[in-house]
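Enquirer: So that we are looking at the same thing, I have put the structure below in C-alpha cells.
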Amino acid sequence: MFGKNTFIIAGIIFLTLLFTAAAGCIGSSPTDQNAVLKIATPNEITEASYYGNYNFAQITRVATPPLIQVDENGDYVGAVAKSWTVSSDGKTWEFTLDPNYQWSDGTSLTADDVKFSLEYAAEKITTAPSWIKSAAITTSENVVTISLADPVYRLFGDLVAINIVPKHIWGSIDDPEEYISAGPYVGSAAYYVQSVDTNSATLVLAVNPAWKGNAPYYGTVELHWFATEDAAILAMLGGECDTYWKYGASFPTSSVALLDSSEKFTTVETPSLKMSYVGFNTISSDAGSDLAFRKAIAYALNYDELVEIGASGYALSANSGFIPNGVPYYKNTPANIYNLATAKLMLDAAGYKDVNGDGIREDTNGSALTVTLLTRDKVAGELIKEYLQKAGLKVEYKFASDLNAWVELKDAHAYDIAYNGITAKGMMMDSGWATGYFASNTLGAGKLQNVDDPVFLELCAKIATTPDGDELKALISDLQDYYSDNMPGIALYWSTDVTPINTEIDGWYISKATGILNEINLLSMHPAN
Amino acid sequence: MLILEADRISKSYGKVAALTDFSLEISAGETVGLTGLSGSGKSTCARILAGLERPNTGIVRYAGKELTGANPAIQMIFQDPAGSFNPVRTIYQSLSAVLHLQGVPKSQRRDLLSEHFQNAGLQTEILSRYPDQISGGQAQRVAIVRGMLVHPKVMILDEPTSALDVSVQAQILHLLKDIQKENGMSYVFISHDPSVVEFMADRVISL
Amino acid sequence: MNKVLARKLVRYAVCLLIVVLLVFLLPRCMPGDPVQCLVGEDVYLTQEILDSVTAKLGLDRPLFEQFQIYIGDLFTGDLGYSYTRHQNVADLIWDRLPWTLLLTGMSMLIGYAFGIIAGTWSGWMTEKKRAKIMTGFGVFVSCIPPYLLGLIFFSVFVYQLGWFPYKGFYETPDFFSVVYHMALPVLTLALFVFARNMIIMRGSVLTEKNQLYPQFAKSLGIPRRKIIYGHVMKNAILPILTHFAIDFGFILSGALFIEIIFSLNGLGRVMYTAVLNLDYPVLSGLFLVIALMAICANLIADILYGIIDPRVKRGDDQ
Amino acid sequence: MKFDRRYILPGLLILLFLIVAIFPGMFAPYSISDRTATYQAPGADHLLGTDNMGKDIFSLLIYAARWTLMIGFASGLLAVFVGTAVGLLAGWRRGALDEFLMGTTDIVLILPKIPLVIILAAYLGPSPWVLIFVLGLLSWESIARVVRSKVIQIRSSEYILAARCLGFSDCRIMFKEILPVVFPVIVPKFVLVTAAAMISEASLAFLGLSDPQTVSWGGMISDAFTYSGFLRGMWYWWLPPALCIILGVLAITSLAFIHERGVREVMQL
Amino acid sequence: MKNILEISDLSVSFPGPNGKIPAVRNLSLSLGPGECLAIVGESGCGKSVVAHAVLRLLPPGTEVLGRVSYQGQDLLHLSESEMDQIRGQEIGMVFQSPERALNPVMKIGKQLISPQVMHGLCSEKDAELRAKGVLRSLGLDADRIMSSYPWMCSGGMCQRIVFAAVSLLHPNLVIADEPTKGLDAANVTDLEAMLSTVTAGKSTGLLLITHDMDVASRLSNRIAVMYCGMIVEEGETRSVLSSPKHPYTRGLLGSLPKNGFVPIPGISPALSDLPNGCVFHPRCAFAEETCRTDIPDLKDGVRCRRC
C-alpha cells in the first residue's frame, strides 16, 4: 500500500510539475492572443487582390516577406534570406534561407518556393524588373542561386518588392493580378493575412502558428483603412486605432500640431529619402541650358519658406549635392542659400539685364526673359512662381491639374523649370541616387529626362554596374559633385518623416522604406508598462 | 353686296369632325346669328371665318378673294374678356401697339384712345390698368374698342356675352348695336343662347 | 398607355445610344494616344499589352468598325478592363453595385416617405408656424452641398459624440452590424432626399389644395386627415414621380460623396478612385451603368405614373 | 405691381455678393498673393486668420466670390438661353419639330449630370469653363419644358388670337407678346439652375476636380480639408465659404420661391 | 314648422391688401323644411360666400361674424370634428363644375362608398348596393360607372354622380352652389329635375344659389336678391318676379332677354370700394339724398327708401 501511495504522491507531484511547467510555458510566451493592434491608414484596399491591388501588395510584404528588406537605417537586411553572397563578376547571387520562415498551413518553406516566386513574378507581374526575366535560378536544399546574364549590382531595390509566396498555393493560379480572395492567404512570417474585407475596410493579420522566430506580442494586427486622411486621423484620435501608417509617406505634416494636443500620441521625426526639387530643361530651353542662369536661380529660391509652407517645417534645407543625408554615400556639399541680391547680380552678370526698365529682364535677344514653370503642386508652384518673378523673370505658369497633362508637357520638354518630388523608391530607381529622374535615356511618367550630357549619362552607367565598395563610393561622390557643379536640378528640401507614436506602446522600430508596417517592428511592438 | 363667304367648309381635329360642309354668305352691314349646342362647331366656324384656322376642305372668301390668313378687315371678339389682353401689359400698352401698327404717331395715341373710350362708355383711367384689374364688362368694351381701331369690315363675335352677368350683357349688346349703326359693318354673332342671337341678328343659322 | 410608353421607350433608346456614343467617342477623339486614353493615364504597360489592346478594340481600324466591336463587347457585358485595378470593369461594378443600391435605396425609401408626408402636411397647413419652420428647414438643407453636411455629421456624430462607427458597411457581416454602420450615411443622404421631396410635395399640394375636389370631399364630411392623405396626396404625388428619375441621378451622385466621407466601398468610391487614377475604363463603364440605371428609374417612374394616375392610359400628352 | 418686401433681404445679399465679386479690391484688405505667417488664428490683422500659405482668408473669401458667382450665373444664363429658345420653338411650331425638341429634352433630362461632369472633367481637365458649359448645357431641360407648356397655353389664348386678327407678325407676337408672359416662369428656373451650379462647383472641388488657379468658395473649402483646416479646428477657414455658398444659394432660391409664388398669384387671377 | 336653417346678421370679410374686404354684410335668412330658397345675384355679390360660410368651407383667415344656426345648433362655434358630422350627413352641397368636384385619380365607386361608410350609415357592401341603386335611379349604367374614373364621364354624368354622392347621405339641407353655371340647356333641365326631388319629400330644405333668374323662378318658393353683399329684396318667388319692388331687382329683370335687354346704367362697384349709404344709389334712378348716407333697413323684404 505504501508503495502505491508513493506512486500516487509521485504521480501527483509529477503532474503538478508538468502543469506548472506547462503553465510556465504559457506564461512566458509573449503572445497575447486577445491583444489587438489596430492600424489606421488612408491607403484603401479597393479589392482583395494580393498581387493586383497596390496597397494590398505593400502589406503582404509583412506576411509573405521578400528575400531581403530595408532596415531603419535604409540598409538591406535579410528577411526570408538569412544571408547572401555575390560572385566577383556580379553575375551569381546566392541566398541562404532563414529556417524561421515556415508556411502558416504547416508546410515548410523551401528553396523551390523562392525559385517559383521569382519566376512567377517575372512571368506574371507586369511591373517586374527586366533582369529577372533573363536570369537562371537554381536551388539546392536551402540555397537559391540567381545567375544573371549581365552583371547587376542594384538588385536589392527590386528584390525587396518580390514576395516569396507558397508554390503549392499560387502555382495553380494563372493570373495573380486578377485573383481575388477574402483570405486567408498562407504566409511565412510572424503574421499571415487571415482575412481582408473591403466592405468593412479591414485586413486582419493573425499570428502564424508555424513561425519559428521570436513570438510577437499582439495576437492580431488589424489594418483599418479610411477614405480620407482626415477620417483616419480622427479615428486615431477617437481611440479607434492605435497607430497610423501610410505607404511611402509621412504622417500629414500639417496635422502634426493636432497630435501634440492629444495625450495618447507623440511624434517621432526621422530623416527620409523623400525630397522636393526643381529641374531645368537643359535640352531645349535657352535659359535652362545656361549654367549661369541655373546657378543664379539657386540663389533666388527661398528655401526656408518652402520648408515652412511646403512641408509645415518638417524638412531640412538641402545641399547643392542634391541627395539627402539619409542616403548611403552621402557627402557634404555646399548648402543651397537664398539670397535674392546675389541672384540678381548673377543674372545681370549672365547677361539677363533689365535694359528697358520695366522690371522684367531681357534675354540676349532683347526680348523679355520668359520662363515656363511646370508644376502639379498648387502650393509649391505658387511659391516658386513668386520667387522667379521677384528675381525679375516673366513666368508662364503651367499648372497640370492631373498627371496626364503633366506627363504630356514634360515629355514634350515644354518647360524651362519644372517642380517635382522624389520618393524613397524613386531615389533607388534605375542607377539609384535620383539619377533616374534626370537621365534622358530613362523612361517613366514621373521622370524629367532633362539631362543628355554624356558625362552624366556615363556616370549613371558606371554606377549601375559597379558593386558596393570604395569604387561605388567614389562614383557617388562624383555624382554629387556633378549635381553641385552643373545643377540640372536644385533640391528644395529634404523631407522629414513624422510618425505618430502611441505612448501606450513600446518597441517601435521605424523603417525608412515602410514606416511602422515592417516585420521587425511588428515583432518588437508591445504595450508600454 | 357679299363681303364674306364660306363655301362648303369642313374641319376636323384628328378623328373628331368639328364642322362638315358648312356654307355661309354674309352681306355688308348685316348681322348673321349662329347658334347651337356646345360642341356643334360654333367656335371652329368663327376661327375659320376670321382666318385664324384653315378649313380642311372648302374655301373662305373675303371680298371675293380667298382668305388665307388673319386679315385686319375681319376682327374677332372672344368669350373671355380678360383673356383677350396680354396679362403683363397695361391696357394702354396693348392698344397703343395696335395704333403703332396703324402708323399713328405716339403723341396722338392717348387722345385718340380717350375719345374711343368715351364713345364706348369707358373711363380713361382704365388705360393705365392691367387686364386683371378691370371687370369683365369693361374688358369686353375695351376689346370692342381695340377691334374697331383697325376699321374692320366684318366683326366676328364669339359668345361675347356668355361670361357676363345679365345686366352687363344687356349693356354690351346695346353697345354693339350702336357701333354697327354708326360704322355699318357686318356682324357674325355667335351664342348658345337663342334669345340673345334673336335679339341681335337679322337672320339666324342653327348649327 | 402603349402609345405613350412606346414613344418614351424610343427616347430612352436614343438616350442610351447617345451615352454609348459619348463613352465610345470621348477617348477616341481626345488629343493624344487613344490607347492610353482607353487604358487610363496612370498605368504603365508593356508595348505587348498596348498592342493587344489596340488589336482587341480594333483601334487601327476605321471608326465604324471600332464601334461595331465596341457594341459587340457591350452586348456580351464587356465594359472593358481596368489595368489599374486588374479587373473587368463589369465585374468590378457588379461587385459594388448592391451596396450603393442599398445605400441609395434605403435613403430614398426614408427620404421619400417622410418627405412626402411632411410636404403634404406643410403644404396643407401653410399658415402654421411649425409648417413654416419645416419648409424653411427643407429649403436650407437643399442649399447645402451634400458633402459638407456629410463632413459635419461625421465630425459631430462620429468623432465628437461617438454614436456611429468611423467606416465600412459592417464590422462583422451580420444584419445589426450593417444597420449600425449604414445608419448615419443613410440618414445623411435621406435628409437631402427628404428636403427635396418635401419642397416639391409642398408646392404640389398647394396647387391641389385650390382644386375643387378637396372642397367637395370636405363638404361631404370627410375628415381633414382623410382628405389630405387619401385624396390630395395621391394627386399631388405625381410631380414627385416625374422628379423621381432626375432625382435618381442626383441621389446617386450624392451617394458618391457620402461614400467618400464614411469610407464605404461602393460605386462612389470606385468612381473617386477612378478619378484620382484617371482610370478611364472604369469611369466610362460607371457612367454607362449610372445612365442605364437612370433610364430604368425613368421607366419605373412611367409605370408607377400609369398605376397612380389612370388618366395616362388615355394616351394624353398632357 | 406692388413691390414685395420679402425680396429685400435675399436681394440685398445677392447684390452685396455681386458688388464684391465685381470689385473685390475695394473690400479685400490684402491681395491674394500677399503672404504672412501660416495658420494664424483670427485677429485684428487677419479677420479670419490665414491659411496654409499664410494668405488672408478673408481676402480669399472676397476674391472667391467672382468665380463662384460666375460659374453659377453663366451656367444659369446659358441654360436659360438654350431652354427658352427650345421651349419657344417647340411650343410655337409644334408638330414634328416639337416632337424632336421634346425628345431631346427628355434625353437631356435623363443624363445623370454630376457623373457626366466628372467624366468630362477627367478627360478634358477641370476648368471653370468646362463646368459652365456642361452645367449650362445640361440644365436647360426644365426651362424648355415650362416655356413650352406656357407657350402652348398662351398661343391658343384669346389675346394671341386677337393679336393675329389685328395683323401683328408672328415674330412680333413671339417676342413682344409671348416672351414677356413667359418670362416670369423663366426667372425662378434661372435662379434654381444658378444655385445648383454653385453647389455642383463646390462638390466637384471637393473631389479635386477644380482648377487650382481659380479661387472659388468650393475650392477654399476643398483646400481647408486638404491642408488639415478641418482637423485643426480652423472653422474660420472652411465655414465662411461654406456659409457664403449656403447663403448665396439660399438667397437665390428664396428669390425663386418668392417670385414663383408671386407668379402663381398673378397667373391665377 | 321649425326652420332648418336660420342665418342672422352674417357678415363675412376677406383679408385684402388694404384692410378687410366685406363680401357679405348683415345677412339674415331662414329656410324651412321642404322649402326652396333661391339666392340670386350677379357675380361678386357674395351669394356663394353665404353657401360656403354655412358649411364653413371658407379659406382660413376669413372673418365670419353673426350666427348660422342649423336646427338650433350654431354652426360657427362647432369644432372641426363636430362640423365633419354635420357636413354631408346633415347638410349636403352640390358644387358647380361637377367634373372638377370629383377626385380624378379615384374610382367613382370609392368616392360614393367611402363617405357613407365614414359616416357610419351602413357597411361597405350595403353602401355599394345603395350607390348603385341611386345611380340607376338617375338613369346611369351603375356597374360601369362605379369602376370608372371621373374623367371618363361626360359633364352630364358627373353632374349626376355628384348629386348621387350628396343625396346618398340623406342630408336635411342641400345647398346648390351655382349648379347650372356653364351647363347646356339640356343639362340644366336635367339638373332642375334632380333638384326638385330634394324638396319633394317635404322634410329637406334646398338653398339654391344662382345667377339665373329662370332657374330660380322654376325651383324656388322664396327668393332673395343680393347686391354687393347685401340682400336688397326678399319674398315669395312669384311676387318678387311679377312685381319687383327694389330698383335693382327691376333692372335685373329688365336685362333679361324676354324683357328686351334693357340695361341698368353704370357698373357694380368693387367690394373694396363700396359707396356710402345704399350701395345701389349711384345707379339708382330714384336715389334720394338720404340714400347717399344711410343704409336702408329690410322692410317687408325690400331694402330701399322709396319703396
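Each chain in the C-alpha cells gets a letter, A, B, ..., in the order shown, and its residues are numbered from 1; ligands are numbered from 1 in order too.
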Residues at most 6 Å from A:Gly183, counting only C-alpha atoms, excluding those fewer than 2 positions away in the same chain, as a PyMOL selection string?

Expert: chain A and resi 181+185+194-195

Enquirer: How about saving the chosen residues, N, CA and C atoms kept, as an mmCIF file, in the first residue's frame?

Expert:
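The resulting file, again.cif, is reproduced below:
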data_model
loop_
_atom_site.group_PDB
_atom_site.id
_atom_site.type_symbol
_atom_site.label_atom_id
_atom_site.label_comp_id
_atom_site.auth_asym_id
_atom_site.auth_seq_id
_atom_site.Cartn_x
_atom_site.Cartn_y
_atom_site.Cartn_z
ATOM 1 N N SER A 181 -9.456 37.117 -53.457
ATOM 2 C CA SER A 181 -9.918 36.211 -52.408
ATOM 3 C C SER A 181 -9.942 36.967 -51.084
ATOM 4 N N TYR A 185 -4.631 33.952 -46.602
ATOM 5 C CA TYR A 185 -3.507 33.772 -47.511
ATOM 6 C C TYR A 185 -2.372 33.153 -46.713
ATOM 7 N N GLN A 194 -5.054 36.815 -42.501
ATOM 8 C CA GLN A 194 -6.152 35.914 -42.203
ATOM 9 C C GLN A 194 -7.385 36.250 -43.039
ATOM 10 N N SER A 195 -7.669 37.554 -43.151
ATOM 11 C CA SER A 195 -8.849 37.938 -43.950
ATOM 12 C C SER A 195 -8.692 39.373 -44.405
#

Enquirer: Using DSSP assignments from the backbone, pull out every residue in stretch 7-199 of chain B that falls under strand (DSSP E) and give it to me as a ChimeraX atom specification.

Expert: /B:7-13,16-27,31-35,57-62,65-66,74-77,154-158,186-190

Enquirer: Within 8 Å of chain D, which residues of chain A are there when counting only C-alpha atoms? Please give them as a PyMOL selection string.

Expert: chain A and resi 230+234+254-255+257-258+309+378-379+399+401-402

Enquirer: Looking only at the backbone, which of the residues in stretch 12-236 of chain D does DSSP tag as helix (DSSP H, G or I), as a ChimeraX atom specification?

Expert: /D:12-22,24-27,57-93,95-110,113-124,128-138,141-155,158-166,170-206,217-226,235-236

Enquirer: Per residue of chain A within 7 Å of chain C, what are the shortest atom pair and its distance in Å to one decimal, counting only C-alpha atoms, with rows by chain and residue number, as a Markdown table?

Expert:
| residue | atom | partner | partner_atom | distance |
| --- | --- | --- | --- | --- |
| A:Gly52 | CA | C:His86 | CA | 5.7 |
| A:Asn53 | CA | C:Arg85 | CA | 6.4 |
| A:Glu177 | CA | C:His86 | CA | 5.9 |
| A:Glu178 | CA | C:His86 | CA | 5.4 |
| A:Thr198 | CA | C:Asn265 | CA | 6.5 |
| A:Asn199 | CA | C:Phe169 | CA | 5.3 |
| A:Ser200 | CA | C:Gly168 | CA | 4.1 |
| A:Ala201 | CA | C:Gly168 | CA | 5.5 |
| A:Phe226 | CA | C:Ser263 | CA | 5.3 |
| A:Ala227 | CA | C:Ser263 | CA | 4.5 |
| A:Leu234 | CA | C:Tyr159 | CA | 6.6 |
| A:Ala235 | CA | C:Tyr166 | CA | 6.5 |
| A:Gly238 | CA | C:Tyr159 | CA | 6.2 |
| A:Asn404 | CA | C:Glu41 | CA | 5.8 |

Enquirer: Please produce an output containing N, CA, C and O atoms for each residue in the selection, written as a short mmCIF file (atom, residue, chain, number, x, y, z; two decimals), in the first residue's frame.

Expert:
data_model
loop_
_atom_site.label_atom_id
_atom_site.label_comp_id
_atom_site.auth_asym_id
_atom_site.auth_seq_id
_atom_site.Cartn_x
_atom_site.Cartn_y
_atom_site.Cartn_z
N GLY A 52 -2.82 42.20 -57.36
CA GLY A 52 -3.38 43.23 -58.23
C GLY A 52 -3.54 44.57 -57.57
O GLY A 52 -3.47 45.61 -58.22
N ASN A 53 -3.78 44.56 -56.26
CA ASN A 53 -4.01 45.83 -55.60
C ASN A 53 -2.73 46.37 -54.99
O ASN A 53 -2.08 45.70 -54.18
N GLU A 177 -2.65 38.77 -60.77
CA GLU A 177 -3.13 40.15 -60.60
C GLU A 177 -4.66 40.21 -60.60
O GLU A 177 -5.25 41.13 -60.08
N GLU A 178 -5.30 39.21 -61.22
CA GLU A 178 -6.75 39.20 -61.25
C GLU A 178 -7.35 38.37 -60.13
O GLU A 178 -8.56 38.39 -59.93
N THR A 198 -13.23 44.23 -47.99
CA THR A 198 -13.32 45.61 -48.49
C THR A 198 -14.60 46.30 -48.02
O THR A 198 -14.69 47.51 -48.01
N ASN A 199 -15.60 45.52 -47.64
CA ASN A 199 -16.84 46.14 -47.16
C ASN A 199 -16.68 46.74 -45.78
O ASN A 199 -17.26 47.78 -45.48
N SER A 200 -15.94 46.04 -44.93
CA SER A 200 -15.74 46.61 -43.60
C SER A 200 -14.43 47.38 -43.55
O SER A 200 -14.08 47.94 -42.52
N ALA A 201 -13.68 47.40 -44.67
CA ALA A 201 -12.41 48.13 -44.76
C ALA A 201 -11.42 47.67 -43.70
O ALA A 201 -10.81 48.47 -43.02
N PHE A 226 -9.36 54.09 -44.36
CA PHE A 226 -10.37 55.14 -44.39
C PHE A 226 -10.27 55.88 -45.72
O PHE A 226 -9.20 55.96 -46.31
N ALA A 227 -11.41 56.44 -46.12
CA ALA A 227 -11.44 57.05 -47.45
C ALA A 227 -10.64 58.34 -47.49
O ALA A 227 -10.18 58.76 -48.54
N LEU A 234 -8.88 61.11 -37.42
CA LEU A 234 -9.93 61.25 -36.41
C LEU A 234 -10.17 59.92 -35.70
O LEU A 234 -10.38 59.88 -34.49
N ALA A 235 -10.12 58.82 -36.46
CA ALA A 235 -10.33 57.51 -35.86
C ALA A 235 -9.22 57.22 -34.85
O ALA A 235 -9.46 56.63 -33.80
N GLY A 238 -9.85 59.45 -31.93
CA GLY A 238 -11.04 58.99 -31.24
C GLY A 238 -10.84 57.68 -30.52
O GLY A 238 -11.78 57.15 -29.93
N ASN A 404 -1.63 63.19 -66.29
CA ASN A 404 -1.70 63.10 -67.75
C ASN A 404 -1.14 64.36 -68.41
O ASN A 404 -0.26 64.30 -69.25
#

Enquirer: Would you list which chain E residues are within 6 Å of chain C using only C-alpha atoms, as an mmCIF file with all heavy atoms, in the first residue's frame?

Expert:
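Now in part27.cif:
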data_model
loop_
_atom_site.group_PDB
_atom_site.id
_atom_site.type_symbol
_atom_site.label_atom_id
_atom_site.label_comp_id
_atom_site.auth_asym_id
_atom_site.auth_seq_id
_atom_site.Cartn_x
_atom_site.Cartn_y
_atom_site.Cartn_z
ATOM 1 N N ASP E 84 -67.512 68.000 -39.145
ATOM 2 C CA ASP E 84 -67.450 66.891 -40.087
ATOM 3 C C ASP E 84 -68.688 66.015 -39.998
ATOM 4 O O ASP E 84 -69.091 65.382 -40.970
ATOM 5 C CB ASP E 84 -66.185 66.055 -39.820
ATOM 6 C CG ASP E 84 -64.951 66.715 -40.402
ATOM 7 O OD1 ASP E 84 -65.110 67.537 -41.325
ATOM 8 O OD2 ASP E 84 -63.838 66.421 -39.933
ATOM 9 N N ARG E 87 -71.386 68.112 -41.932
ATOM 10 C CA ARG E 87 -71.165 68.159 -43.372
ATOM 11 C C ARG E 87 -71.536 66.819 -44.005
ATOM 12 O O ARG E 87 -71.180 65.766 -43.492
ATOM 13 C CB ARG E 87 -69.697 68.456 -43.687
ATOM 14 C CG ARG E 87 -69.268 69.854 -43.333
ATOM 15 C CD ARG E 87 -67.881 70.127 -43.883
ATOM 16 N NE ARG E 87 -67.327 71.339 -43.302
ATOM 17 C CZ ARG E 87 -66.206 71.369 -42.571
ATOM 18 N NH1 ARG E 87 -65.530 70.284 -42.343
ATOM 19 N NH2 ARG E 87 -65.786 72.523 -42.084
ATOM 20 N N GLY E 88 -72.202 66.868 -45.078
ATOM 21 C CA GLY E 88 -72.533 65.647 -45.798
ATOM 22 C C GLY E 88 -73.777 64.995 -45.239
ATOM 23 O O GLY E 88 -74.806 64.926 -45.897
ATOM 24 N N ARG E 100 -64.826 68.857 -61.929
ATOM 25 C CA ARG E 100 -63.692 69.215 -61.087
ATOM 26 C C ARG E 100 -63.933 68.878 -59.623
ATOM 27 O O ARG E 100 -63.016 68.897 -58.818
ATOM 28 C CB ARG E 100 -63.363 70.701 -61.246
ATOM 29 C CG ARG E 100 -62.884 71.047 -62.658
ATOM 30 C CD ARG E 100 -62.122 72.347 -62.663
ATOM 31 N NE ARG E 100 -62.916 73.456 -62.159
ATOM 32 C CZ ARG E 100 -62.570 74.216 -61.138
ATOM 33 N NH1 ARG E 100 -61.442 74.015 -60.534
ATOM 34 N NH2 ARG E 100 -63.343 75.194 -60.746
ATOM 35 N N ALA E 101 -65.201 68.602 -59.278
ATOM 36 C CA ALA E 101 -65.502 68.317 -57.880
ATOM 37 C C ALA E 101 -65.167 66.884 -57.519
ATOM 38 O O ALA E 101 -65.092 66.549 -56.342
ATOM 39 C CB ALA E 101 -66.968 68.604 -57.601
ATOM 40 N N LEU E 102 -64.947 66.047 -58.523
ATOM 41 C CA LEU E 102 -64.623 64.651 -58.235
ATOM 42 C C LEU E 102 -63.123 64.451 -58.353
ATOM 43 O O LEU E 102 -62.474 65.036 -59.215
ATOM 44 C CB LEU E 102 -65.362 63.744 -59.223
ATOM 45 C CG LEU E 102 -66.886 63.734 -59.067
ATOM 46 C CD1 LEU E 102 -67.539 63.059 -60.252
ATOM 47 C CD2 LEU E 102 -67.302 63.056 -57.768
ATOM 48 N N ASN E 103 -62.597 63.602 -57.473
ATOM 49 C CA ASN E 103 -61.162 63.327 -57.475
ATOM 50 C C ASN E 103 -60.797 62.540 -58.739
ATOM 51 O O ASN E 103 -61.287 61.437 -58.949
ATOM 52 C CB ASN E 103 -60.795 62.523 -56.229
ATOM 53 C CG ASN E 103 -59.302 62.417 -56.036
ATOM 54 O OD1 ASN E 103 -58.529 62.586 -56.991
ATOM 55 N ND2 ASN E 103 -58.880 62.146 -54.819
ATOM 56 N N VAL E 105 -58.241 60.851 -59.724
ATOM 57 C CA VAL E 105 -57.490 59.599 -59.714
ATOM 58 C C VAL E 105 -58.127 58.550 -58.803
ATOM 59 O O VAL E 105 -57.490 57.586 -58.424
ATOM 60 C CB VAL E 105 -56.010 59.823 -59.303
ATOM 61 C CG1 VAL E 105 -55.339 60.752 -60.277
ATOM 62 C CG2 VAL E 105 -55.913 60.327 -57.895
#

Enquirer: From the set E:Gly133, E:Gly277, E:Pro269, E:Pro179, which residue has the shortest atom-to-atom contact distance to chain B, counting only C-alpha atoms?

Expert: E:Pro269

Enquirer: Can you pull out every residue within 12 Å of C:Leu238, counting only C-alpha atoms, but drop anything in the same chain fewer than 5 positions away, and send it as a ChimeraX atom specification?

Expert: /C:116,197,200-201,203-205,208,232-233,243-244,301-312 /E:105
